[in-house]
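Next comes model18.txt, a file with compact mmCIF, N, CA and C atoms.
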# COMPACT_ATOMS: atom_id res chain seq x y z
N MET S 1 0.85 -1.16 0.00
CA MET S 1 0.00 0.00 0.00
C MET S 1 0.89 1.23 0.00
N GLU S 2 0.46 2.24 -0.72
CA GLU S 2 1.16 3.52 -0.71
C GLU S 2 0.29 4.55 0.01
N ILE S 3 0.93 5.33 0.87
CA ILE S 3 0.23 6.41 1.55
C ILE S 3 0.98 7.70 1.29
N TYR S 4 0.29 8.66 0.70
CA TYR S 4 0.88 9.97 0.41
C TYR S 4 0.43 10.97 1.47
N PHE S 5 1.40 11.61 2.12
CA PHE S 5 1.14 12.62 3.13
C PHE S 5 1.36 13.98 2.50
N GLU S 6 0.29 14.67 2.14
CA GLU S 6 0.40 15.95 1.45
C GLU S 6 1.17 16.99 2.29
N LYS S 7 0.88 17.05 3.58
CA LYS S 7 1.50 18.05 4.45
C LYS S 7 3.03 17.94 4.44
N GLU S 8 3.53 16.71 4.39
CA GLU S 8 4.98 16.47 4.39
C GLU S 8 5.53 16.24 2.99
N ASN S 9 4.64 16.14 2.00
CA ASN S 9 5.01 15.83 0.62
C ASN S 9 5.87 14.56 0.56
N LYS S 10 5.41 13.50 1.26
CA LYS S 10 6.12 12.23 1.32
C LYS S 10 5.17 11.08 1.02
N THR S 11 5.73 10.03 0.46
CA THR S 11 4.97 8.81 0.23
C THR S 11 5.64 7.68 1.01
N LYS S 12 4.82 6.91 1.73
CA LYS S 12 5.32 5.76 2.48
C LYS S 12 4.69 4.50 1.92
N LYS S 13 5.47 3.43 1.91
CA LYS S 13 4.93 2.13 1.53
C LYS S 13 4.75 1.31 2.81
N ILE S 14 3.58 0.72 2.94
CA ILE S 14 3.24 -0.07 4.12
C ILE S 14 2.67 -1.40 3.65
N VAL S 15 3.06 -2.47 4.34
CA VAL S 15 2.52 -3.80 4.04
C VAL S 15 1.61 -4.20 5.20
N LEU S 16 0.37 -4.48 4.87
CA LEU S 16 -0.62 -4.90 5.88
C LEU S 16 -0.70 -6.41 5.92
N LYS S 17 -0.88 -6.95 7.12
CA LYS S 17 -1.06 -8.40 7.25
C LYS S 17 -2.47 -8.81 6.86
N THR S 18 -3.44 -7.96 7.20
CA THR S 18 -4.84 -8.21 6.87
C THR S 18 -5.50 -6.88 6.52
N PRO S 19 -6.61 -6.91 5.80
CA PRO S 19 -7.33 -5.65 5.53
C PRO S 19 -7.81 -5.01 6.84
N ILE S 20 -7.72 -3.69 6.91
CA ILE S 20 -8.18 -2.94 8.10
C ILE S 20 -8.89 -1.68 7.65
N THR S 21 -9.52 -1.00 8.59
CA THR S 21 -10.17 0.26 8.25
C THR S 21 -9.13 1.38 8.21
N LEU S 22 -9.44 2.42 7.49
CA LEU S 22 -8.55 3.58 7.47
C LEU S 22 -8.35 4.16 8.86
N LYS S 23 -9.42 4.15 9.65
CA LYS S 23 -9.32 4.67 11.01
C LYS S 23 -8.27 3.92 11.82
N GLU S 24 -8.29 2.59 11.72
CA GLU S 24 -7.31 1.77 12.44
C GLU S 24 -5.89 2.04 11.95
N LEU S 25 -5.74 2.14 10.64
CA LEU S 25 -4.43 2.40 10.05
C LEU S 25 -3.87 3.74 10.49
N LEU S 26 -4.71 4.77 10.45
CA LEU S 26 -4.25 6.12 10.82
C LEU S 26 -3.96 6.21 12.30
N LYS S 27 -4.66 5.44 13.10
CA LYS S 27 -4.37 5.41 14.54
C LYS S 27 -2.97 4.83 14.77
N LYS S 28 -2.63 3.76 14.04
CA LYS S 28 -1.30 3.17 14.14
C LYS S 28 -0.21 4.14 13.68
N LEU S 29 -0.55 4.98 12.69
CA LEU S 29 0.42 5.94 12.16
C LEU S 29 0.42 7.25 12.95
N ASP S 30 -0.43 7.34 13.96
CA ASP S 30 -0.56 8.54 14.80
C ASP S 30 -0.92 9.79 13.98
N VAL S 31 -1.94 9.63 13.13
CA VAL S 31 -2.43 10.72 12.28
C VAL S 31 -3.77 11.20 12.83
N ASN S 32 -3.91 12.51 12.99
CA ASN S 32 -5.14 13.12 13.49
C ASN S 32 -6.17 13.20 12.37
N LEU S 33 -7.30 12.50 12.53
CA LEU S 33 -8.35 12.48 11.51
C LEU S 33 -9.05 13.82 11.34
N ASP S 34 -8.98 14.70 12.33
CA ASP S 34 -9.69 15.98 12.27
C ASP S 34 -9.07 16.96 11.29
N SER S 35 -7.84 16.72 10.87
CA SER S 35 -7.14 17.70 10.05
C SER S 35 -6.86 17.23 8.62
N ILE S 36 -7.49 16.12 8.20
CA ILE S 36 -7.21 15.60 6.87
C ILE S 36 -8.49 15.17 6.13
N ILE S 37 -8.35 15.09 4.81
CA ILE S 37 -9.37 14.50 3.95
C ILE S 37 -8.77 13.20 3.44
N LEU S 38 -9.53 12.12 3.53
CA LEU S 38 -9.05 10.80 3.12
C LEU S 38 -9.42 10.53 1.66
N VAL S 39 -8.44 10.07 0.90
CA VAL S 39 -8.67 9.73 -0.50
C VAL S 39 -8.13 8.32 -0.74
N LYS S 40 -8.99 7.44 -1.22
CA LYS S 40 -8.59 6.05 -1.52
C LYS S 40 -8.76 5.82 -3.01
N ASN S 41 -7.68 5.48 -3.68
CA ASN S 41 -7.71 5.22 -5.12
C ASN S 41 -8.40 6.35 -5.89
N ASP S 42 -8.02 7.58 -5.55
CA ASP S 42 -8.49 8.81 -6.20
C ASP S 42 -9.96 9.14 -5.95
N GLU S 43 -10.56 8.56 -4.91
CA GLU S 43 -11.93 8.90 -4.53
C GLU S 43 -11.97 9.24 -3.05
N ILE S 44 -12.64 10.33 -2.70
CA ILE S 44 -12.78 10.72 -1.30
C ILE S 44 -13.56 9.63 -0.58
N CYS S 45 -13.12 9.28 0.63
CA CYS S 45 -13.78 8.22 1.36
C CYS S 45 -13.86 8.56 2.85
N LEU S 46 -14.54 7.71 3.60
CA LEU S 46 -14.70 7.89 5.03
C LEU S 46 -13.71 7.01 5.78
N GLU S 47 -13.54 7.29 7.06
CA GLU S 47 -12.57 6.58 7.89
C GLU S 47 -12.91 5.11 8.11
N ASP S 48 -14.16 4.70 7.88
CA ASP S 48 -14.54 3.30 8.08
C ASP S 48 -14.32 2.45 6.83
N GLU S 49 -13.74 3.02 5.79
CA GLU S 49 -13.43 2.31 4.55
C GLU S 49 -12.35 1.27 4.81
N ILE S 50 -12.53 0.07 4.26
CA ILE S 50 -11.54 -1.01 4.40
C ILE S 50 -10.44 -0.79 3.36
N VAL S 51 -9.18 -0.97 3.80
CA VAL S 51 -8.05 -0.81 2.88
C VAL S 51 -7.23 -2.09 2.86
N THR S 52 -6.57 -2.33 1.71
CA THR S 52 -5.70 -3.49 1.53
C THR S 52 -4.37 -3.02 0.94
N ASN S 53 -3.47 -3.95 0.73
CA ASN S 53 -2.16 -3.61 0.19
C ASN S 53 -2.21 -3.10 -1.24
N LYS S 54 -3.31 -3.32 -1.95
CA LYS S 54 -3.45 -2.87 -3.34
C LYS S 54 -3.86 -1.40 -3.45
N ASP S 55 -4.28 -0.80 -2.34
CA ASP S 55 -4.83 0.56 -2.37
C ASP S 55 -3.75 1.64 -2.35
N LYS S 56 -4.12 2.80 -2.93
CA LYS S 56 -3.29 4.00 -2.84
C LYS S 56 -4.09 5.02 -2.05
N ILE S 57 -3.50 5.48 -0.96
CA ILE S 57 -4.17 6.39 -0.04
C ILE S 57 -3.48 7.74 -0.09
N LYS S 58 -4.28 8.80 -0.08
CA LYS S 58 -3.75 10.17 0.05
C LYS S 58 -4.37 10.81 1.27
N LEU S 59 -3.53 11.46 2.05
CA LEU S 59 -4.00 12.21 3.22
C LEU S 59 -3.81 13.68 2.90
N LEU S 60 -4.92 14.33 2.53
CA LEU S 60 -4.87 15.73 2.13
C LEU S 60 -5.14 16.64 3.32
N SER S 61 -4.34 17.67 3.45
CA SER S 61 -4.47 18.60 4.57
C SER S 61 -5.69 19.50 4.39
N VAL S 62 -6.39 19.73 5.50
CA VAL S 62 -7.50 20.65 5.53
C VAL S 62 -6.96 22.01 5.98
N VAL S 63 -7.25 23.03 5.18
CA VAL S 63 -6.77 24.37 5.50
C VAL S 63 -7.98 25.25 5.74
N SER S 64 -7.96 25.99 6.84
CA SER S 64 -9.06 26.92 7.10
C SER S 64 -8.47 28.26 7.50
N GLY S 65 -9.24 29.26 7.31
CA GLY S 65 -8.76 30.60 7.66
C GLY S 65 -9.92 31.54 7.82
N GLY S 66 -9.60 32.74 8.17
CA GLY S 66 -10.69 33.67 8.40
C GLY S 66 -10.43 35.02 7.84
Rewrite the structure of this file - the entire thing - as structure tokens.
Amino acid sequence: MEIYFEKENKTKKIVLKTPITLKELLKKLDVNLDSIILVKNDEICLEDEIVTNKDKIKLLSVVSGG
């Protein structure tokens, strides 16, 4: 699986033993769900989406201002 971190402009490769939810994966990676938009295989998705080693994940930063 490839995970792209937009904020850091880095891509990491991770091998999963079994399919898991994005929420579980991001918890293991210590990523705050409140500050990102999840994209799986070029489609926006929710944190309960199941991911496997074949997936490409992007973690896009949420920017707000006033």
Atom N of Glu8 (chain S) to atom N of Leu26 (chain S), distance in Å rounded to a single decimal: 15.7 Å
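If you measure from each of S:Asp55, S:Ile14, S:Ile20, S:Asp30 to Asp42 (chain S) using all atoms listed in the file, the closest one turns out to be S:Asp55.
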Val39 (chain S) surroundings by only C-alpha atoms, 8 Å radius, close-in-sequence under 6 positions cut, as a PyMOL selection string: chain S and resi 45+57-60
For Thr52 (chain S), the nearest of the candidates S:Thr11, S:Tyr4, S:Lys28, S:Pro19, counting all atoms listed in the file: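 So, comparing all the options, the nearest one is S:Pro19.
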CA of Glu6 (chain S) to CA of Thr18 (chain S), distance in Å rounded to a single decimal: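 Rounded to one decimal, the two atoms are 25.3 Å apart.
Among S:Glu43, S:Asp34, S:Asp48, S:Glu2, the residue with the shortest atom-to-atom distance to Val15 (chain S), counting only N, CA and C atoms, is S:Glu2.
What separates CA of Val31 (chain S) from CA of Glu47 (chain S) is a distance of 11.8 Å.
Distances to Lys23 (chain S) were evaluated for S:Lys10, S:Ile37, S:Val62, S:Val51 using all atoms listed in the file, and the minimum falls at S:Val51.
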Residues flagged strand (DSSP E or B) by DSSP in chain S, as a list in words: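 Of chain S, the ones in strand (DSSP E or B) are Glu2, Ile3, Tyr4, Phe5, Lys10, Thr11, Lys12, Lys13, Ile20, Thr21, Ile36, Ile37, Leu38, Val39, Lys40, Glu43, Ile44, Ile50, Val51, Lys56, Ile57, Lys58, Leu59, Leu60 and Ser61 of chain S.
Among the residues of chain S, backbone DSSP assigns alpha helix (DSSP H) to Leu22, Lys23, Glu24, Leu25, Leu26, Lys27 and Lys28 of chain S.
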Write out the residues from the selection above, keeping N, CA and C atoms, as an mmCIF file, in the frame of the given file.
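Output (result-v8.cif):
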data_model
loop_
_atom_site.group_PDB
_atom_site.id
_atom_site.type_symbol
_atom_site.label_atom_id
_atom_site.label_comp_id
_atom_site.auth_asym_id
_atom_site.auth_seq_id
_atom_site.Cartn_x
_atom_site.Cartn_y
_atom_site.Cartn_z
ATOM 1 N N LEU S 22 -9.440 2.420 7.490
ATOM 2 C CA LEU S 22 -8.550 3.580 7.470
ATOM 3 C C LEU S 22 -8.350 4.160 8.860
ATOM 4 N N LYS S 23 -9.420 4.150 9.650
ATOM 5 C CA LYS S 23 -9.320 4.670 11.010
ATOM 6 C C LYS S 23 -8.270 3.920 11.820
ATOM 7 N N GLU S 24 -8.290 2.590 11.720
ATOM 8 C CA GLU S 24 -7.310 1.770 12.440
ATOM 9 C C GLU S 24 -5.890 2.040 11.950
ATOM 10 N N LEU S 25 -5.740 2.140 10.640
ATOM 11 C CA LEU S 25 -4.430 2.400 10.050
ATOM 12 C C LEU S 25 -3.870 3.740 10.490
ATOM 13 N N LEU S 26 -4.710 4.770 10.450
ATOM 14 C CA LEU S 26 -4.250 6.120 10.820
ATOM 15 C C LEU S 26 -3.960 6.210 12.300
ATOM 16 N N LYS S 27 -4.660 5.440 13.100
ATOM 17 C CA LYS S 27 -4.370 5.410 14.540
ATOM 18 C C LYS S 27 -2.970 4.830 14.770
ATOM 19 N N LYS S 28 -2.630 3.760 14.040
ATOM 20 C CA LYS S 28 -1.300 3.170 14.140
ATOM 21 C C LYS S 28 -0.210 4.140 13.680
#
Top pick for closest residue to Ile3 (chain S), considering S:Lys56, S:Ser61, S:Glu24, S:Ser35 and counting all atoms listed in the file: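 Smallest distance to Ile3 (chain S) is found for S:Lys56.
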Within 6 Å of Glu49 (chain S) using only C-alpha atoms, minus same-chain residues under 2 positions, as a VMD selection string: chain S and resid 21 to 22 46 to 47
Preceding selection exported with N, CA and C atoms as a PDB file, in the coordinates of the input:
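In the end it all went to result.pdb:
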ATOM      1  N   THR S  21      -9.520  -1.000   8.590  1.00  0.00           N
ATOM      2  CA  THR S  21     -10.170   0.260   8.250  1.00  0.00           C
ATOM      3  C   THR S  21      -9.130   1.380   8.210  1.00  0.00           C
ATOM      4  N   LEU S  22      -9.440   2.420   7.490  1.00  0.00           N
ATOM      5  CA  LEU S  22      -8.550   3.580   7.470  1.00  0.00           C
ATOM      6  C   LEU S  22      -8.350   4.160   8.860  1.00  0.00           C
ATOM      7  N   LEU S  46     -14.540   7.710   3.600  1.00  0.00           N
ATOM      8  CA  LEU S  46     -14.700   7.890   5.030  1.00  0.00           C
ATOM      9  C   LEU S  46     -13.710   7.010   5.780  1.00  0.00           C
ATOM     10  N   GLU S  47     -13.540   7.290   7.060  1.00  0.00           N
ATOM     11  CA  GLU S  47     -12.570   6.580   7.890  1.00  0.00           C
ATOM     12  C   GLU S  47     -12.910   5.110   8.110  1.00  0.00           C
TER      13      GLU S  47
END
